[in-house]
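I have placed the structure first, in the form of structure tokens, so that the comments after it can refer back to it.
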Amino acid sequence: MERYMDRNRKLADYIYNDLGRNEVVEIEREISNDPELSESYQLNMQVKEYLQAKLQLEEMRSDPGLEDAEKLAGMVFDMESHDEAELVVPLGRKRNRIRKWSFAAAIAASVTILISLGIIPSTVSQDKLFDRYYEPIEASDYSQRGGSNEIYRNIANGIIDYRDGRYNQSIDRLGGLSAVTEIQPEVQLFTALSYIGLGQYLEAQSILEPAVDSNNRYQPESMWYLSLCYLKTGEVEKASSLLGQLEKYDGLYQRDARSLRKKLRRFNQ
Amino acid sequence: MEKNSDQYIIERIRAREDDAFKYLQVKFQDSIRLMVVEMGGTQEDAKDVFSEGLVALIRLVDREDFVLNCQLGTLVYALCKNAWLLQLEKQVAVRNYQARRLDSPDEQDFTEESDQQIYHDIFWESFKKMDKVCQDILGGYLKEISPKEIADTMGYSYGYVRKRKSMCHGFLMKLIEGHPTYIQIKQTELTLDIE
């Protein structure tokens, strides 16, 4: 036991550069000969390196000189934005993106605080998983289908509204088409997706559940987004079961479904 | 001028001396990587952001009206943060991320990245759980302050600080390895390995 304690003390001294030259040689030899000690050393170093970076980052973030640093940074980035005035993203979405990401960063910071206080431990992880896996659907293929008649023009416009992040407008426009049988699957899918975009997961769920059961042409999409809704609303088992079914479909969601389901097992244990 | 002082490094950057860039990399790359990851980016995004931040720093220090009126590290942080926000604005990061996810032959990287974030939360939570003396002593070591200076600032002897540091680090590792989420992840890894 004493030898074990002594070895751990030496390991701590070693990783904090607090050993003499001979002791360094001795512990390095022990690390290379003892797999258990080597594993422990790896973890200790991982912790040290992370904390070193984290403390430095926190120091930078709380530095009273940050305002001056940001002004200096603003000088060079103003310069760059003049150089690269016309960028790829359409203006409406561009602003939206920045807002969304700043908002996401603020949420991430708040979540870290909440974790450190021991509040909402499991939902935090579920939210994180949702954020990593959720992406709005690429809607260009759908929106190009419009044009042949009034109904198809309307559905195309509803989908364009969704694609451009005008979720409320999309819901309103698609709501007027719900009685048209032949486009029912599109109407259901994009109305649900717009609700997800608005963060109204229960509404999305109530549309996607019958869509999944009806075996329509967007069944894989409906299953994928419904499982994300379940994840968000804390119904992990339902999400997991749906992902298990989705894994059987060859296609876009198969791999993501498998990898997400693996992670969800942690919540089920 | 003192070697490795902020002003010294600025002069070396102006002279395009490699040692200055090496210094910045060793000193700040890890914390910038962490910032990018905490703001939703990946390790790969972080590499790009750090390079862009350094390019911006070169452009800035080359300006005739440039005066360093803050810490160099804080300036690197502000530049890299701007670079990351700009990248998001261009949606490059988002596109790269999507492309990587679609093209990546193996999901392992993503799983590991996600686990990494959970580990980081556990490390930080455990560090914050320790008493203030432990946080200050380990914090001092981690910021590469000399043990003597830590001892003088805290009013302890050098020997005590050195001994207490080992105890605090041991306690920190116990908190981490005993954390319920840490245990759960390790058990899951074991189960998946067996499968």
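Just remember, in the structure tokens the first chain shown is A, the second B, etc., residues are 1-based per chain, and ligands are 1-based in the order shown.
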Requested in this report: List the neighbours of range 10-15 of chain A out to 8 Å using only C-alpha atoms; skip same-chain residues closer than 2 positions along the sequence, and give me the result as a VMD selection string.
Outcome: (chain A and resid 6 to 8 17 to 19 24 27 41 44 to 45 48) or (chain B and resid 162 165 to 166 169 to 170)
Requested in this report: May I have the residues within 7 Å of range 73-82 of chain B as a VMD selection string, using only C-alpha atoms and disregarding those fewer than 2 positions away in the same chain?
Outcome: (chain A and resid 60 66 69 to 70 73) or (chain B and resid 28 32 49 to 50 53 56 70 to 71 84 to 86)
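As for CA of Lys71 in chain A and CA of Gly41 in chain B, they are spaced 23.9 Å apart.
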Query raised in the report: Would you give me, as number ranges by chain, the residues in chain B that DSSP reads as alpha helix (DSSP H)?
Result: B: 6-14, 18-38, 43-61, 72-90, 92-103, 108-129, 132-142, 147-154, 158-177, 180-194
